[in-house]
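S.K.: I have a structure I would like to understand better, so I am pasting it below and will then ask my questions one at a time.
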Amino acid sequence: MQKGLHNWPKQLEPCDDVLLKHLEKLRGVYGMQVYDIDPYVGVFQLRENLWAMFVPCTHVMADNWAYLLEGPEKAVFIDNGFGIGDLRGLGEMLTGKPVITAVTHEHGDHYGGSVQWDEIYCHEYCAEALNSMSDEEMESGLHNFMEGKEGTRKYWQDEDVMPFHRFRAIGLKDHETISLGGDHELEVLHVGGHAQGLCCFLDKKNRYLFTGDSIYEGRECGVGTVLTGARPGTKHPEVLDIRYFTKKVEEITARVGEYDWYFCGHGYTDSKAERALDLPKVLHRIMDNSLGADAETFNLHGHILARQHYGDAWVSYNPEKIK
Ligand SMILES: [Zn+2]
Ligand SMILES: [Zn+2]
């Protein structure tokens, strides 16, 4: 893992060599900046009004992306990492505008930086999950991997962990919009599947789709997602059903004429929209084979998952829980 990293900032080491290859490719195209105000993210300016922040994961699971999108009056962080470093300050510095935040779903690697805001935007089911947590649950969830547990990757100084601050999640319904000023809006597209509140954000003006964990670039294969099924206490298990997810992915891929690029939560980013078109086919293949009788199985951090492919697409899932 260490070799080849000689000119890579120590605090931004990616979690594996495949991701490093993705990042080196992106760095070759866009360059990568690291700013003093928040040295814990690698900044790739993808477009005039769009930056992708590479956020190393605090544990072994998966490094991810937070996106800064600038509108006429304000900017928005779509997902906001782990709450390490002054991400909000970085966004304000880069855009010179007020910065709000919206999160794709209620997993800690995507909303941890929300402690820098009083209010965040997300799908209504995500808001319900976040708002129903006690302060203790939320704080221990966010700091779970920051306290010397097995698998922690300590790359930060303790004083740079943003203090816990309770924020309120404002829930939006499917197809509601967030305004960045003028006619620049983000449309919420609920997908579920991987988390009850998981949504994409569609920027029709710029023809960008932000997909979170609903469609992302796999390490070595193409685009896909991980479906692990409902956790205990999930209020809307029906939206974690593979049929619901398939229907919503089909709606999104049917709208491919409205976006040229999508930007995902993990792995490679800045992908051509057409790359995700095989995803509904792999989902149907899983269902047609009575949930993947011919799928390969593998061990992901102690969980046995199955994976099915079709063309460029893949879906990993827990065969026990995805019914
Ligand atoms: Zn997730
Ligand atoms: Zn994720």
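FYI, nothing fancy with the structure tokens labels: chains A, B, ... in order, residues from 1 per chain, ligands from 1 as they appear.
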Would you pick out the contacts of A:Gly222 at 6 Å or less, using only C-alpha atoms, so that residues sharing its chain but fewer than 5 positions from it are not included, and give the list as a ChimeraX atom specification?
M.R.: /A:217,312-313
S.K.: Those same residues - N, CA and C atoms - I'd like them written as a tab-separated table (two decimals), in the first residue's frame.
M.R.:
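Done, and the output landed in selection.tsv:
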chain	number	residue	atom	x	y	z
A	217	GLU	N	-18.95	3.56	-8.68
A	217	GLU	CA	-17.95	2.82	-9.44
A	217	GLU	C	-17.32	1.80	-8.52
A	312	ASP	N	-21.51	-3.82	-17.71
A	312	ASP	CA	-20.65	-2.99	-16.87
A	312	ASP	C	-21.15	-2.90	-15.43
A	313	ALA	N	-22.31	-3.47	-15.16
A	313	ALA	CA	-22.94	-3.23	-13.86
A	313	ALA	C	-22.79	-4.42	-12.92
S.K.: Could you list, as a list of chain:residue names, all residues that come within 8 Å of ligand 2? Count only C-alpha atoms and all ligand atoms.
M.R.: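 If we count only C-alpha atoms and all ligand atoms, the neighbours of ligand 2 turn out to be A:Ala62, A:Asn64, A:His107, A:Asp109, A:His110, A:Gly212, A:Asp213, A:Gly265, A:His266.
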S.K.: How would the residues just picked look written out with N, CA, C and O atoms as a short mmCIF file (atom, residue, chain, number, x, y, z; two decimals), in the first residue's frame?
M.R.:
data_model
loop_
_atom_site.label_atom_id
_atom_site.label_comp_id
_atom_site.auth_asym_id
_atom_site.auth_seq_id
_atom_site.Cartn_x
_atom_site.Cartn_y
_atom_site.Cartn_z
N ALA A 62 -14.51 2.36 3.58
CA ALA A 62 -14.43 2.93 2.24
C ALA A 62 -14.29 4.44 2.28
O ALA A 62 -15.10 5.14 2.88
N ASN A 64 -14.57 8.17 0.69
CA ASN A 64 -15.71 8.62 -0.11
C ASN A 64 -15.53 10.05 -0.62
O ASN A 64 -14.48 10.66 -0.47
N HIS A 107 -26.09 7.27 6.44
CA HIS A 107 -24.90 6.53 6.88
C HIS A 107 -23.81 7.54 7.27
O HIS A 107 -23.58 8.52 6.56
N ASP A 109 -20.71 7.92 7.18
CA ASP A 109 -19.63 8.40 6.31
C ASP A 109 -20.12 9.48 5.35
O ASP A 109 -19.32 10.17 4.72
N HIS A 110 -21.43 9.66 5.26
CA HIS A 110 -21.98 10.68 4.34
C HIS A 110 -22.50 11.92 5.06
O HIS A 110 -22.59 12.98 4.46
N GLY A 212 -24.72 9.33 -4.58
CA GLY A 212 -24.47 8.75 -3.25
C GLY A 212 -24.08 7.30 -3.37
O GLY A 212 -23.22 6.95 -4.19
N ASP A 213 -24.73 6.43 -2.60
CA ASP A 213 -24.41 5.00 -2.66
C ASP A 213 -25.40 4.22 -3.51
O ASP A 213 -25.45 2.99 -3.45
N GLY A 265 -20.74 8.32 -4.62
CA GLY A 265 -20.26 8.43 -3.25
C GLY A 265 -18.91 7.78 -2.99
O GLY A 265 -18.22 8.15 -2.05
N HIS A 266 -18.55 6.78 -3.79
CA HIS A 266 -17.31 6.04 -3.54
C HIS A 266 -16.65 5.67 -4.86
O HIS A 266 -17.32 5.60 -5.89
#
S.K.: For ligand 1, list the contacting residues at 12 Å or closer, counting only C-alpha atoms and all ligand atoms, as a VMD selection string.
M.R.: chain A and resid 61 to 65 79 81 103 to 111 126 192 to 199 211 to 216 225 to 229 264 to 266
S.K.: Generate a file of the selected residues that holds N, CA, C and O atoms, formatted as a compact mmCIF listing (two decimals), in the first residue's frame.
M.R.:
# COMPACT_ATOMS: atom_id res chain seq x y z
N MET A 61 -13.47 0.73 6.04
CA MET A 61 -14.54 0.43 5.08
C MET A 61 -14.35 1.05 3.71
O MET A 61 -14.07 0.37 2.75
N ALA A 62 -14.51 2.36 3.58
CA ALA A 62 -14.43 2.93 2.24
C ALA A 62 -14.29 4.44 2.28
O ALA A 62 -15.10 5.14 2.88
N ASP A 63 -13.26 4.93 1.61
CA ASP A 63 -13.11 6.38 1.45
C ASP A 63 -14.25 6.90 0.58
O ASP A 63 -14.82 6.14 -0.20
N ASN A 64 -14.57 8.17 0.69
CA ASN A 64 -15.71 8.62 -0.11
C ASN A 64 -15.53 10.05 -0.62
O ASN A 64 -14.48 10.66 -0.47
N TRP A 65 -16.59 10.54 -1.26
CA TRP A 65 -16.58 11.85 -1.89
C TRP A 65 -17.62 12.76 -1.26
O TRP A 65 -18.75 12.33 -0.97
N ASP A 79 -23.28 15.57 0.61
CA ASP A 79 -22.53 14.72 1.55
C ASP A 79 -21.37 15.54 2.12
O ASP A 79 -20.92 16.51 1.51
N GLY A 81 -18.74 14.02 4.52
CA GLY A 81 -17.62 13.31 5.14
C GLY A 81 -17.84 12.95 6.60
O GLY A 81 -18.95 12.62 7.02
N VAL A 103 -27.55 15.76 2.31
CA VAL A 103 -26.89 14.45 2.36
C VAL A 103 -27.73 13.42 1.62
O VAL A 103 -28.96 13.48 1.60
N THR A 104 -27.02 12.45 1.01
CA THR A 104 -27.71 11.44 0.21
C THR A 104 -28.39 10.39 1.08
O THR A 104 -29.38 9.81 0.66
N HIS A 105 -27.83 10.12 2.27
CA HIS A 105 -28.47 9.11 3.12
C HIS A 105 -27.88 9.11 4.52
O HIS A 105 -26.92 9.82 4.81
N GLU A 106 -28.50 8.31 5.37
CA GLU A 106 -28.26 8.36 6.81
C GLU A 106 -27.10 7.46 7.26
O GLU A 106 -27.15 6.93 8.36
N HIS A 107 -26.09 7.27 6.44
CA HIS A 107 -24.90 6.53 6.88
C HIS A 107 -23.81 7.54 7.27
O HIS A 107 -23.58 8.52 6.56
N GLY A 108 -23.16 7.23 8.41
CA GLY A 108 -22.27 8.20 9.05
C GLY A 108 -21.15 8.73 8.16
O GLY A 108 -20.69 9.85 8.34
N ASP A 109 -20.71 7.92 7.18
CA ASP A 109 -19.63 8.40 6.31
C ASP A 109 -20.12 9.48 5.35
O ASP A 109 -19.32 10.17 4.72
N HIS A 110 -21.43 9.66 5.26
CA HIS A 110 -21.98 10.68 4.34
C HIS A 110 -22.50 11.92 5.06
O HIS A 110 -22.59 12.98 4.46
N TYR A 111 -22.87 11.79 6.34
CA TYR A 111 -23.45 12.96 7.03
C TYR A 111 -22.62 13.45 8.22
O TYR A 111 -23.02 14.40 8.88
N CYS A 126 -34.65 9.82 5.41
CA CYS A 126 -33.32 10.05 6.00
C CYS A 126 -33.47 11.00 7.19
O CYS A 126 -32.91 10.75 8.27
N GLY A 192 -33.91 4.52 -2.17
CA GLY A 192 -33.94 3.46 -1.16
C GLY A 192 -32.89 2.40 -1.47
O GLY A 192 -31.80 2.70 -1.94
N GLY A 193 -33.27 1.14 -1.21
CA GLY A 193 -32.38 0.02 -1.56
C GLY A 193 -31.26 -0.18 -0.56
O GLY A 193 -31.30 -1.10 0.26
N HIS A 194 -30.31 0.71 -0.57
CA HIS A 194 -29.12 0.60 0.28
C HIS A 194 -29.35 1.22 1.67
O HIS A 194 -28.71 0.83 2.64
N ALA A 195 -30.26 2.20 1.73
CA ALA A 195 -30.64 2.83 3.00
C ALA A 195 -32.04 3.40 2.78
O ALA A 195 -32.37 3.81 1.66
N GLN A 196 -32.85 3.45 3.84
CA GLN A 196 -34.26 3.85 3.61
C GLN A 196 -34.36 5.27 3.05
O GLN A 196 -35.24 5.57 2.27
N GLY A 197 -33.45 6.15 3.47
CA GLY A 197 -33.54 7.54 3.02
C GLY A 197 -32.64 7.87 1.85
O GLY A 197 -32.42 9.04 1.57
N LEU A 198 -32.10 6.87 1.17
CA LEU A 198 -31.12 7.15 0.11
C LEU A 198 -31.79 7.84 -1.09
O LEU A 198 -32.81 7.37 -1.59
N CYS A 199 -31.20 8.94 -1.50
CA CYS A 199 -31.70 9.64 -2.70
C CYS A 199 -30.53 10.09 -3.56
O CYS A 199 -29.39 10.17 -3.11
N THR A 211 -25.20 10.63 -7.01
CA THR A 211 -25.87 9.35 -6.76
C THR A 211 -25.62 8.76 -5.37
O THR A 211 -26.22 7.74 -5.04
N GLY A 212 -24.72 9.33 -4.58
CA GLY A 212 -24.47 8.75 -3.25
C GLY A 212 -24.08 7.30 -3.37
O GLY A 212 -23.22 6.95 -4.19
N ASP A 213 -24.73 6.43 -2.60
CA ASP A 213 -24.41 5.00 -2.66
C ASP A 213 -25.40 4.22 -3.51
O ASP A 213 -25.45 2.99 -3.45
N SER A 214 -26.21 4.91 -4.33
CA SER A 214 -27.16 4.16 -5.15
C SER A 214 -26.51 3.66 -6.42
O SER A 214 -26.89 2.62 -6.95
N ILE A 215 -25.56 4.38 -6.97
CA ILE A 215 -24.84 3.96 -8.18
C ILE A 215 -23.41 4.43 -7.97
O ILE A 215 -23.18 5.63 -7.89
N TYR A 216 -22.48 3.52 -7.83
CA TYR A 216 -21.10 3.98 -7.72
C TYR A 216 -20.14 3.05 -8.44
O TYR A 216 -20.48 1.93 -8.79
N THR A 225 -24.06 -1.13 -6.81
CA THR A 225 -24.40 -0.72 -5.45
C THR A 225 -24.36 -1.93 -4.52
O THR A 225 -24.20 -3.06 -4.98
N VAL A 226 -24.51 -1.67 -3.24
CA VAL A 226 -24.56 -2.74 -2.23
C VAL A 226 -25.91 -2.65 -1.53
O VAL A 226 -26.29 -1.60 -1.02
N LEU A 227 -26.63 -3.77 -1.55
CA LEU A 227 -27.93 -3.86 -0.87
C LEU A 227 -27.78 -4.83 0.30
O LEU A 227 -27.54 -6.01 0.09
N THR A 228 -27.89 -4.32 1.50
CA THR A 228 -27.66 -5.20 2.65
C THR A 228 -28.95 -5.52 3.42
O THR A 228 -28.92 -6.30 4.36
N GLY A 229 -30.06 -4.91 3.03
CA GLY A 229 -31.31 -5.22 3.70
C GLY A 229 -31.55 -4.37 4.93
O GLY A 229 -30.70 -3.60 5.36
N CYS A 264 -20.57 9.99 -7.88
CA CYS A 264 -21.02 8.99 -6.92
C CYS A 264 -20.33 9.14 -5.56
O CYS A 264 -19.45 9.99 -5.38
N GLY A 265 -20.74 8.32 -4.62
CA GLY A 265 -20.26 8.43 -3.25
C GLY A 265 -18.91 7.78 -2.99
O GLY A 265 -18.22 8.15 -2.05
N HIS A 266 -18.55 6.78 -3.79
CA HIS A 266 -17.31 6.04 -3.54
C HIS A 266 -16.65 5.67 -4.86
O HIS A 266 -17.32 5.60 -5.89
S.K.: Neighbouring residues of A:Ile178 were defined as those with any atom within 10 Å, considering only C-alpha atoms; residues of the same chain fewer than 3 positions away were excluded. Please report them as a list in words.
M.R.: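 Within the cut-off, the hits are Val76, Ala102, Tyr121, Cys122, Leu172, His175, Gly181, His184, Glu185, Leu186, Glu187, Val188, Phe201 and Asp203 of chain A.
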S.K.: Which one of A:Leu142, A:Ala295, A:Val99, A:Val115 sits closest to A:His59 if you count only C-alpha atoms?
M.R.: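 The answer is A:Leu142, which sits nearest to A:His59.
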S.K.: Based on the backbone DSSP call, show me all residues of stretch 29-267 of chain A assigned helix (DSSP H, G or I), as number ranges by chain.
M.R.: A: 29-30, 87-95, 108-116, 124-131, 135-146, 158-160, 237-240, 242-254, 256-258
